[in-house]
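Participant: Got protein_14.pdb for you, PDB, C-alpha atoms, pLDDT in the B column:
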ATOM      1  CA  MET A   1       0.000   0.000   0.000  1.00 43.00           C
ATOM      2  CA  THR A   2       1.494   3.323  -1.020  1.00 55.00           C
ATOM      3  CA  GLU A   3       1.322   6.210   1.393  1.00 67.00           C
ATOM      4  CA  GLN A   4      -0.970   9.048   0.402  1.00 84.00           C
ATOM      5  CA  THR A   5       0.631  12.430  -0.265  1.00 89.00           C
ATOM      6  CA  LEU A   6      -0.809  15.579   1.297  1.00 92.00           C
ATOM      7  CA  PRO A   7      -0.525  19.225   0.309  1.00 95.00           C
ATOM      8  CA  PRO A   8       1.821  21.020   2.736  1.00 95.00           C
ATOM      9  CA  PRO A   9       0.676  24.125   4.639  1.00 95.00           C
ATOM     10  CA  VAL A  10       1.664  27.123   2.476  1.00 97.00           C
ATOM     11  CA  MET A  11       1.606  30.840   3.303  1.00 96.00           C
ATOM     12  CA  TRP A  12       2.013  33.599   0.730  1.00 96.00           C
ATOM     13  CA  ALA A  13       2.552  37.340   0.486  1.00 95.00           C
ATOM     14  CA  GLN A  14       3.587  39.695  -2.289  1.00 93.00           C
ATOM     15  CA  ARG A  15       5.306  42.893  -3.310  1.00 90.00           C
ATOM     16  CA  SER A  16       5.032  44.616  -6.653  1.00 87.00           C
ATOM     17  CA  SER A  17       7.769  42.459  -8.215  1.00 92.00           C
ATOM     18  CA  ILE A  18       7.931  39.291  -6.091  1.00 93.00           C
ATOM     19  CA  ILE A  19       5.808  36.654  -4.358  1.00 95.00           C
ATOM     20  CA  PHE A  20       6.853  35.116  -1.036  1.00 95.00           C
ATOM     21  CA  LEU A  21       5.878  31.492  -0.371  1.00 97.00           C
ATOM     22  CA  THR A  22       6.562  29.724   2.913  1.00 96.00           C
ATOM     23  CA  ILE A  23       6.075  25.966   3.092  1.00 96.00           C
ATOM     24  CA  ASN A  24       5.569  25.265   6.783  1.00 95.00           C
ATOM     25  CA  LEU A  25       7.192  21.852   7.115  1.00 94.00           C
ATOM     26  CA  GLU A  26      10.038  21.067   9.471  1.00 93.00           C
ATOM     27  CA  ASP A  27      13.059  18.903   8.691  1.00 93.00           C
ATOM     28  CA  VAL A  28      12.442  18.325   4.991  1.00 92.00           C
ATOM     29  CA  LYS A  29      15.449  16.489   3.602  1.00 85.00           C
ATOM     30  CA  ASP A  30      16.184  17.060  -0.096  1.00 88.00           C
ATOM     31  CA  PRO A  31      12.902  18.703  -1.114  1.00 94.00           C
ATOM     32  CA  GLU A  32      12.054  18.677  -4.808  1.00 96.00           C
ATOM     33  CA  ILE A  33      11.082  22.184  -5.929  1.00 97.00           C
ATOM     34  CA  LYS A  34      10.470  23.097  -9.562  1.00 97.00           C
ATOM     35  CA  PHE A  35       9.544  26.462 -11.043  1.00 97.00           C
ATOM     36  CA  SER A  36       7.797  26.856 -14.366  1.00 96.00           C
ATOM     37  CA  LYS A  37       6.450  30.098 -15.793  1.00 96.00           C
ATOM     38  CA  ASP A  38       2.944  29.352 -14.532  1.00 96.00           C
ATOM     39  CA  SER A  39       3.347  26.995 -11.535  1.00 97.00           C
ATOM     40  CA  VAL A  40       5.422  25.922  -8.550  1.00 97.00           C
ATOM     41  CA  TYR A  41       5.893  22.241  -7.714  1.00 97.00           C
ATOM     42  CA  PHE A  42       6.927  20.952  -4.284  1.00 97.00           C
ATOM     43  CA  LYS A  43       7.521  17.409  -3.112  1.00 96.00           C
ATOM     44  CA  GLY A  44       9.130  16.336   0.135  1.00 95.00           C
ATOM     45  CA  THR A  45       8.932  14.282   3.293  1.00 94.00           C
ATOM     46  CA  GLY A  46       8.894  16.142   6.575  1.00 92.00           C
ATOM     47  CA  GLY A  47       7.076  17.344   9.627  1.00 87.00           C
ATOM     48  CA  VAL A  48       6.902  15.581  12.960  1.00 86.00           C
ATOM     49  CA  GLU A  49       5.319  12.468  11.478  1.00 88.00           C
ATOM     50  CA  LYS A  50       7.583  12.377   8.380  1.00 91.00           C
ATOM     51  CA  LYS A  51       4.655  12.279   5.990  1.00 92.00           C
ATOM     52  CA  ASN A  52       4.916  12.694   2.224  1.00 94.00           C
ATOM     53  CA  TYR A  53       3.812  16.068   0.891  1.00 95.00           C
ATOM     54  CA  GLU A  54       3.296  17.162  -2.677  1.00 96.00           C
ATOM     55  CA  VAL A  55       1.581  20.081  -4.369  1.00 96.00           C
ATOM     56  CA  THR A  56       1.535  21.876  -7.699  1.00 96.00           C
ATOM     57  CA  ILE A  57       0.434  25.486  -7.313  1.00 96.00           C
ATOM     58  CA  PRO A  58      -1.044  26.940 -10.518  1.00 96.00           C
ATOM     59  CA  LEU A  59      -0.028  30.609 -10.399  1.00 96.00           C
ATOM     60  CA  TYR A  60      -2.328  33.541 -11.142  1.00 95.00           C
ATOM     61  CA  LYS A  61       0.188  35.053 -13.603  1.00 95.00           C
ATOM     62  CA  GLU A  62       3.571  34.147 -15.006  1.00 96.00           C
ATOM     63  CA  ILE A  63       6.812  34.202 -13.046  1.00 96.00           C
ATOM     64  CA  ASP A  64      10.450  34.210 -14.138  1.00 95.00           C
ATOM     65  CA  PRO A  65      11.621  30.677 -13.222  1.00 96.00           C
ATOM     66  CA  GLU A  66      15.295  31.629 -13.692  1.00 95.00           C
ATOM     67  CA  GLN A  67      15.066  34.444 -11.108  1.00 94.00           C
ATOM     68  CA  SER A  68      13.002  32.475  -8.561  1.00 95.00           C
ATOM     69  CA  LYS A  69      14.755  30.848  -5.604  1.00 95.00           C
ATOM     70  CA  SER A  70      14.086  28.542  -2.658  1.00 95.00           C
ATOM     71  CA  PHE A  71      15.773  28.300   0.747  1.00 94.00           C
ATOM     72  CA  ASN A  72      15.495  25.343   3.128  1.00 94.00           C
ATOM     73  CA  LYS A  73      15.582  26.956   6.590  1.00 92.00           C
ATOM     74  CA  GLY A  74      15.112  23.704   8.524  1.00 91.00           C
ATOM     75  CA  ARG A  75      11.885  24.858  10.200  1.00 92.00           C
ATOM     76  CA  CYS A  76      10.325  25.818   6.863  1.00 94.00           C
ATOM     77  CA  ILE A  77      11.097  26.295   3.187  1.00 95.00           C
ATOM     78  CA  GLU A  78      11.040  29.867   1.917  1.00 95.00           C
ATOM     79  CA  ILE A  79      10.506  30.561  -1.764  1.00 96.00           C
ATOM     80  CA  ILE A  80      10.840  33.865  -3.589  1.00 95.00           C
ATOM     81  CA  LEU A  81       9.105  33.990  -6.959  1.00 96.00           C
ATOM     82  CA  THR A  82      10.004  36.844  -9.294  1.00 95.00           C
ATOM     83  CA  LYS A  83       7.003  38.040 -11.274  1.00 95.00           C
ATOM     84  CA  ALA A  84       7.461  38.029 -15.051  1.00 94.00           C
ATOM     85  CA  ASN A  85       5.764  41.439 -15.241  1.00 91.00           C
ATOM     86  CA  THR A  86       7.359  43.350 -12.365  1.00 85.00           C
ATOM     87  CA  ASP A  87       5.511  46.558 -13.291  1.00 85.00           C
ATOM     88  CA  GLY A  88       2.072  44.955 -13.254  1.00 83.00           C
ATOM     89  CA  PRO A  89      -0.572  45.315 -10.566  1.00 87.00           C
ATOM     90  CA  TYR A  90      -0.710  43.162  -7.461  1.00 90.00           C
ATOM     91  CA  TRP A  91      -2.217  39.740  -7.929  1.00 92.00           C
ATOM     92  CA  PRO A  92      -5.680  39.438  -6.386  1.00 92.00           C
ATOM     93  CA  THR A  93      -4.950  35.786  -5.588  1.00 93.00           C
ATOM     94  CA  LEU A  94      -1.995  33.400  -5.739  1.00 94.00           C
ATOM     95  CA  THR A  95      -3.616  30.663  -7.786  1.00 95.00           C
ATOM     96  CA  SER A  96      -5.121  30.743 -11.254  1.00 93.00           C
ATOM     97  CA  ASP A  97      -7.843  28.203 -10.435  1.00 90.00           C
ATOM     98  CA  LYS A  98      -9.858  30.635  -8.222  1.00 81.00           C
ATOM     99  CA  LYS A  99     -10.458  27.858  -5.666  1.00 87.00           C
ATOM    100  CA  LYS A 100     -10.166  28.272  -1.901  1.00 90.00           C
ATOM    101  CA  HIS A 101      -7.431  25.863  -0.841  1.00 93.00           C
ATOM    102  CA  HIS A 102      -7.453  24.708   2.789  1.00 95.00           C
ATOM    103  CA  TRP A 103      -3.648  24.490   2.824  1.00 95.00           C
ATOM    104  CA  LEU A 104      -3.051  28.042   1.528  1.00 96.00           C
ATOM    105  CA  LYS A 105      -3.130  31.139   3.756  1.00 95.00           C
ATOM    106  CA  CYS A 106      -1.981  34.757   3.580  1.00 93.00           C
ATOM    107  CA  ASP A 107       1.261  35.570   5.387  1.00 92.00           C
ATOM    108  CA  PHE A 108       0.299  38.841   7.031  1.00 89.00           C
ATOM    109  CA  ASN A 109       3.756  39.191   8.623  1.00 88.00           C
ATOM    110  CA  LYS A 110       5.244  39.751   5.158  1.00 86.00           C
ATOM    111  CA  TRP A 111       2.236  41.312   3.461  1.00 79.00           C
ATOM    112  CA  TYR A 112       2.295  44.883   2.121  1.00 73.00           C
ATOM    113  CA  ASP A 113      -0.670  46.474   0.423  1.00 69.00           C
ATOM    114  CA  GLU A 114      -0.194  47.764  -3.082  1.00 67.00           C
ATOM    115  CA  ASP A 115      -0.532  51.398  -1.970  1.00 65.00           C
ATOM    116  CA  GLU A 116       2.027  51.175   0.872  1.00 59.00           C
ATOM    117  CA  SER A 117       5.300  52.944   0.175  1.00 48.00           C
ATOM    118  CA  GLY A 118       8.791  51.490   0.440  1.00 48.00           C
ATOM    119  CA  ASP A 119       7.776  47.961  -0.418  1.00 42.00           C
ATOM    120  CA  GLU A 120      10.535  47.060  -2.838  1.00 44.00           C
ATOM    121  CA  GLY A 121      12.942  44.189  -2.563  1.00 42.00           C
ATOM    122  CA  VAL A 122      13.478  41.440  -0.062  1.00 42.00           C
ATOM    123  CA  GLY A 123      15.341  43.793   2.282  1.00 41.00           C
ATOM    124  CA  GLY A 124      12.381  46.166   2.282  1.00 41.00           C
ATOM    125  CA  MET A 125      10.132  43.733   4.122  1.00 41.00           C
ATOM    126  CA  GLY A 126       9.716  46.198   6.946  1.00 47.00           C
ATOM    127  CA  SER A 127      12.225  46.240   9.743  1.00 45.00           C
ATOM    128  CA  GLY A 128       9.790  45.092  12.395  1.00 52.00           C
ATOM    129  CA  ASP A 129      11.473  47.509  14.799  1.00 58.00           C
ATOM    130  CA  PHE A 130       8.743  47.989  17.396  1.00 59.00           C
ATOM    131  CA  GLU A 131      10.677  50.569  19.407  1.00 63.00           C
ATOM    132  CA  GLU A 132      11.265  52.718  16.314  1.00 62.00           C
ATOM    133  CA  MET A 133       7.574  52.567  15.457  1.00 61.00           C
ATOM    134  CA  MET A 134       6.612  53.542  19.023  1.00 64.00           C
ATOM    135  CA  ARG A 135       9.117  56.392  18.976  1.00 64.00           C
ATOM    136  CA  LYS A 136       7.545  57.742  15.791  1.00 63.00           C
ATOM    137  CA  MET A 137       4.126  57.481  17.399  1.00 63.00           C
ATOM    138  CA  GLY A 138       5.333  59.291  20.513  1.00 59.00           C
ATOM    139  CA  GLY A 139       4.980  56.231  22.725  1.00 55.00           C
ATOM    140  CA  LEU A 140       8.630  56.158  23.801  1.00 50.00           C
ATOM    141  CA  GLY A 141      11.074  58.917  24.646  1.00 49.00           C
ATOM    142  CA  ASP A 142      13.423  60.273  21.999  1.00 51.00           C
ATOM    143  CA  ALA A 143      16.260  58.021  23.092  1.00 50.00           C
ATOM    144  CA  GLY A 144      14.023  54.965  23.282  1.00 49.00           C
ATOM    145  CA  ASP A 145      14.046  55.172  27.077  1.00 56.00           C
ATOM    146  CA  LYS A 146      12.062  52.526  28.860  1.00 60.00           C
ATOM    147  CA  PRO A 147       9.195  53.833  30.990  1.00 61.00           C
ATOM    148  CA  ASN A 148      10.173  54.638  34.581  1.00 65.00           C
ATOM    149  CA  PHE A 149       7.670  53.713  37.283  1.00 64.00           C
ATOM    150  CA  ASP A 150       9.764  54.953  40.231  1.00 65.00           C
ATOM    151  CA  ASP A 151       7.562  58.016  40.764  1.00 64.00           C
ATOM    152  CA  MET A 152       4.387  55.936  41.042  1.00 63.00           C
ATOM    153  CA  GLU A 153       2.564  56.172  44.353  1.00 62.00           C
ATOM    154  CA  GLY A 154       3.145  53.297  46.740  1.00 60.00           C
ATOM    155  CA  ASP A 155       0.492  51.127  48.310  1.00 58.00           C
ATOM    156  CA  ASP A 156      -2.028  53.721  49.431  1.00 60.00           C
ATOM    157  CA  GLY A 157      -4.970  51.539  50.249  1.00 61.00           C
ATOM    158  CA  PRO A 158      -7.146  49.035  48.491  1.00 62.00           C
ATOM    159  CA  ASP A 159      -7.599  49.175  44.730  1.00 64.00           C
ATOM    160  CA  SER A 160     -11.048  49.304  43.169  1.00 64.00           C
ATOM    161  CA  ASP A 161     -10.429  45.855  41.687  1.00 70.00           C
ATOM    162  CA  ASP A 162      -9.702  44.481  45.190  1.00 72.00           C
ATOM    163  CA  GLU A 163     -13.352  44.942  46.178  1.00 76.00           C
ATOM    164  CA  PRO A 164     -15.606  41.886  46.196  1.00 81.00           C
ATOM    165  CA  ILE A 165     -17.746  41.311  43.126  1.00 80.00           C
ATOM    166  CA  PRO A 166     -21.406  42.145  43.781  1.00 82.00           C
ATOM    167  CA  ASP A 167     -23.964  39.347  43.535  1.00 84.00           C
ATOM    168  CA  LEU A 168     -26.035  39.037  40.386  1.00 84.00           C
ATOM    169  CA  GLU A 169     -29.699  39.901  40.913  1.00 73.00           C
TER     170      GLU A 169
END
Rewrite the structure of this file - the entire thing - as structure tokens.
Facilitator:
Amino acid sequence: MTEQTLPPPVMWAQRSSIIFLTINLEDVKDPEIKFSKDSVYFKGTGGVEKKNYEVTIPLYKEIDPEQSKSFNKGRCIEIILTKANTDGPYWPTLTSDKKKHHWLKCDFNKWYDEDESGDEGVGGMGSGDFEEMMRKMGGLGDAGDKPNFDDMEGDDGPDSDDEPIPDLE
């Protein structure tokens, strides 16, 4: 009896010129990944239970297979697809078949909307610097100082949340 293959969990995001794919499988040894102008093929054995996974993703529009790359990170496989038309609009969906696939989800950590500025290139994925963002919003001091609670009043009696909860009527 041959073991059934499953589609791996895949997350995707995009920029104007590239598509990010993340195949969320751990410890995949020697994955088979093929790029064609209109699809991505993945086959590998991995995950905790060492199951066989395989999927062909029919892409919404063409990519440049020569410029597309994959990286086995151990905990996942990251793929960068270079769009054939880098000046075109954002893709409304990853797949050309318009189906809702249970194994495919948006990667909101890497996602940028089409109208957001500074979205070019892999290095422009957003620094994720929380302190810098808070500084810009006025939430932290200019030097990124941590809040100081030394001047807070000490224990000056019971708090309102220390009172017993009233009975329901």
Participant: Given the point (-8.1, 26.9, -9.6) in the coordinates of this file, which residues lie within 10 Å, counting all atoms listed in the file, and how would they look as a ChimeraX atom specification?
Facilitator: /A:57-60,94-101
Participant: Using the chain letters and residue numbers of this document, give as a list of chain:residue names the residues selected by the PyMOL selection byres ((chain A and resi 54) around 8).
Facilitator: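 Against this file, the PyMOL selection byres ((chain A and resi 54) around 8) returns the residues A:Thr5, A:Leu6, A:Pro7, A:Pro8, A:Tyr41, A:Phe42, A:Lys43, A:Gly44, A:Asn52, A:Tyr53, A:Val55, A:Thr56.
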Participant: Restricting it to C-alpha atoms, dump the selection as a short mmCIF file (atom, residue, chain, number, x, y, z; two decimals), in the frame of the given file.
Facilitator:
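result-v1.cif, written as the output of this step:
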data_model
loop_
_atom_site.label_atom_id
_atom_site.label_comp_id
_atom_site.auth_asym_id
_atom_site.auth_seq_id
_atom_site.Cartn_x
_atom_site.Cartn_y
_atom_site.Cartn_z
CA THR A 5 0.63 12.43 -0.26
CA LEU A 6 -0.81 15.58 1.30
CA PRO A 7 -0.52 19.23 0.31
CA PRO A 8 1.82 21.02 2.74
CA TYR A 41 5.89 22.24 -7.71
CA PHE A 42 6.93 20.95 -4.28
CA LYS A 43 7.52 17.41 -3.11
CA GLY A 44 9.13 16.34 0.14
CA ASN A 52 4.92 12.69 2.22
CA TYR A 53 3.81 16.07 0.89
CA VAL A 55 1.58 20.08 -4.37
CA THR A 56 1.54 21.88 -7.70
#
Participant: Quick one: distance from CA of Ser68 (chain A) to CA of Phe35 (chain A) in Å, one decimal?
Facilitator: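 It comes out at 7.4 Å.
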Participant: What does the distance between CA of Gln14 (chain A) and CA of Glu66 (chain A) come to in Å, to one decimal place?
Facilitator: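 Here the two named atoms are 18.2 Å from each other.
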Participant: One decimal, Å: what's the distance from CA of Thr82 (chain A) over to CA of Met11 (chain A), could you say?
Facilitator: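 These two atoms are separated by 16.3 Å.
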Participant: Missing atoms in region 87-115 of chain A: fill them in up to N, CA and C atoms and send the result as a PDB file, in the frame of the given file.
Facilitator:
ATOM      1  N   ASP A  87       6.196  45.265 -13.340  1.00 85.00           N
ATOM      2  CA  ASP A  87       5.511  46.558 -13.291  1.00 85.00           C
ATOM      3  C   ASP A  87       3.997  46.406 -13.195  1.00 85.00           C
ATOM      4  N   GLY A  88       3.514  45.187 -13.251  1.00 83.00           N
ATOM      5  CA  GLY A  88       2.072  44.955 -13.254  1.00 83.00           C
ATOM      6  C   GLY A  88       1.447  45.185 -11.895  1.00 83.00           C
ATOM      7  N   PRO A  89       0.128  45.146 -11.850  1.00 87.00           N
ATOM      8  CA  PRO A  89      -0.572  45.315 -10.566  1.00 87.00           C
ATOM      9  C   PRO A  89      -0.401  44.098  -9.669  1.00 87.00           C
ATOM     10  N   TYR A  90      -0.741  44.281  -8.405  1.00 90.00           N
ATOM     11  CA  TYR A  90      -0.710  43.162  -7.461  1.00 90.00           C
ATOM     12  C   TYR A  90      -1.679  42.089  -7.920  1.00 90.00           C
ATOM     13  N   TRP A  91      -1.336  40.855  -7.611  1.00 92.00           N
ATOM     14  CA  TRP A  91      -2.217  39.740  -7.929  1.00 92.00           C
ATOM     15  C   TRP A  91      -3.353  39.709  -6.911  1.00 92.00           C
ATOM     16  N   PRO A  92      -4.575  39.527  -7.347  1.00 92.00           N
ATOM     17  CA  PRO A  92      -5.680  39.438  -6.386  1.00 92.00           C
ATOM     18  C   PRO A  92      -5.697  38.101  -5.637  1.00 92.00           C
ATOM     19  N   THR A  93      -5.009  37.114  -6.182  1.00 93.00           N
ATOM     20  CA  THR A  93      -4.950  35.786  -5.588  1.00 93.00           C
ATOM     21  C   THR A  93      -3.657  35.107  -6.044  1.00 93.00           C
ATOM     22  N   LEU A  94      -3.219  34.093  -5.345  1.00 94.00           N
ATOM     23  CA  LEU A  94      -1.995  33.400  -5.739  1.00 94.00           C
ATOM     24  C   LEU A  94      -2.247  32.429  -6.881  1.00 94.00           C
ATOM     25  N   THR A  95      -3.376  31.745  -6.836  1.00 95.00           N
ATOM     26  CA  THR A  95      -3.616  30.663  -7.786  1.00 95.00           C
ATOM     27  C   THR A  95      -4.512  31.099  -8.942  1.00 95.00           C
ATOM     28  N   SER A  96      -4.323  30.435 -10.068  1.00 93.00           N
ATOM     29  CA  SER A  96      -5.121  30.743 -11.254  1.00 93.00           C
ATOM     30  C   SER A  96      -6.465  30.027 -11.239  1.00 93.00           C
ATOM     31  N   ASP A  97      -6.620  29.016 -10.387  1.00 90.00           N
ATOM     32  CA  ASP A  97      -7.843  28.203 -10.435  1.00 90.00           C
ATOM     33  C   ASP A  97      -9.002  28.786  -9.615  1.00 90.00           C
ATOM     34  N   LYS A  98      -8.802  29.907  -8.947  1.00 81.00           N
ATOM     35  CA  LYS A  98      -9.858  30.635  -8.222  1.00 81.00           C
ATOM     36  C   LYS A  98     -10.516  29.813  -7.109  1.00 81.00           C
ATOM     37  N   LYS A  99      -9.907  28.678  -6.753  1.00 87.00           N
ATOM     38  CA  LYS A  99     -10.458  27.858  -5.666  1.00 87.00           C
ATOM     39  C   LYS A  99      -9.904  28.312  -4.328  1.00 87.00           C
ATOM     40  N   LYS A 100     -10.646  28.030  -3.266  1.00 90.00           N
ATOM     41  CA  LYS A 100     -10.166  28.272  -1.901  1.00 90.00           C
ATOM     42  C   LYS A 100      -9.502  26.979  -1.451  1.00 90.00           C
ATOM     43  N   HIS A 101      -8.186  27.047  -1.246  1.00 93.00           N
ATOM     44  CA  HIS A 101      -7.431  25.863  -0.841  1.00 93.00           C
ATOM     45  C   HIS A 101      -7.240  25.876   0.672  1.00 93.00           C
ATOM     46  N   HIS A 102      -7.559  24.776   1.326  1.00 95.00           N
ATOM     47  CA  HIS A 102      -7.453  24.708   2.789  1.00 95.00           C
ATOM     48  C   HIS A 102      -6.008  24.808   3.273  1.00 95.00           C
ATOM     49  N   TRP A 103      -5.061  24.495   2.438  1.00 95.00           N
ATOM     50  CA  TRP A 103      -3.648  24.490   2.824  1.00 95.00           C
ATOM     51  C   TRP A 103      -2.949  25.819   2.545  1.00 95.00           C
ATOM     52  N   LEU A 104      -3.658  26.776   1.933  1.00 96.00           N
ATOM     53  CA  LEU A 104      -3.051  28.042   1.528  1.00 96.00           C
ATOM     54  C   LEU A 104      -3.619  29.199   2.338  1.00 96.00           C
ATOM     55  N   LYS A 105      -2.709  29.995   2.938  1.00 95.00           N
ATOM     56  CA  LYS A 105      -3.130  31.139   3.756  1.00 95.00           C
ATOM     57  C   LYS A 105      -2.258  32.343   3.434  1.00 95.00           C
ATOM     58  N   CYS A 106      -2.764  33.527   3.737  1.00 93.00           N
ATOM     59  CA  CYS A 106      -1.981  34.757   3.580  1.00 93.00           C
ATOM     60  C   CYS A 106      -0.969  34.857   4.715  1.00 93.00           C
ATOM     61  N   ASP A 107       0.220  35.333   4.394  1.00 92.00           N
ATOM     62  CA  ASP A 107       1.261  35.570   5.387  1.00 92.00           C
ATOM     63  C   ASP A 107       1.257  37.056   5.721  1.00 92.00           C
ATOM     64  N   PHE A 108       0.471  37.434   6.708  1.00 89.00           N
ATOM     65  CA  PHE A 108       0.299  38.841   7.031  1.00 89.00           C
ATOM     66  C   PHE A 108       1.553  39.458   7.637  1.00 89.00           C
ATOM     67  N   ASN A 109       2.505  38.645   8.111  1.00 88.00           N
ATOM     68  CA  ASN A 109       3.756  39.191   8.623  1.00 88.00           C
ATOM     69  C   ASN A 109       4.611  39.779   7.503  1.00 88.00           C
ATOM     70  N   LYS A 110       4.459  39.266   6.294  1.00 86.00           N
ATOM     71  CA  LYS A 110       5.244  39.751   5.158  1.00 86.00           C
ATOM     72  C   LYS A 110       4.412  40.586   4.191  1.00 86.00           C
ATOM     73  N   TRP A 111       3.130  40.673   4.417  1.00 79.00           N
ATOM     74  CA  TRP A 111       2.236  41.312   3.461  1.00 79.00           C
ATOM     75  C   TRP A 111       2.375  42.834   3.473  1.00 79.00           C
ATOM     76  N   TYR A 112       2.376  43.435   2.305  1.00 73.00           N
ATOM     77  CA  TYR A 112       2.295  44.883   2.121  1.00 73.00           C
ATOM     78  C   TYR A 112       1.170  45.130   1.132  1.00 73.00           C
ATOM     79  N   ASP A 113       0.351  46.122   1.389  1.00 69.00           N
ATOM     80  CA  ASP A 113      -0.670  46.474   0.423  1.00 69.00           C
ATOM     81  C   ASP A 113      -0.026  47.195  -0.743  1.00 69.00           C
ATOM     82  N   GLU A 114      -0.717  47.172  -1.859  1.00 67.00           N
ATOM     83  CA  GLU A 114      -0.194  47.764  -3.082  1.00 67.00           C
ATOM     84  C   GLU A 114       0.095  49.254  -2.929  1.00 67.00           C
ATOM     85  N   ASP A 115      -0.696  49.953  -2.099  1.00 65.00           N
ATOM     86  CA  ASP A 115      -0.532  51.398  -1.970  1.00 65.00           C
ATOM     87  C   ASP A 115       0.445  51.802  -0.866  1.00 65.00           C
TER      88      ASP A 115
END
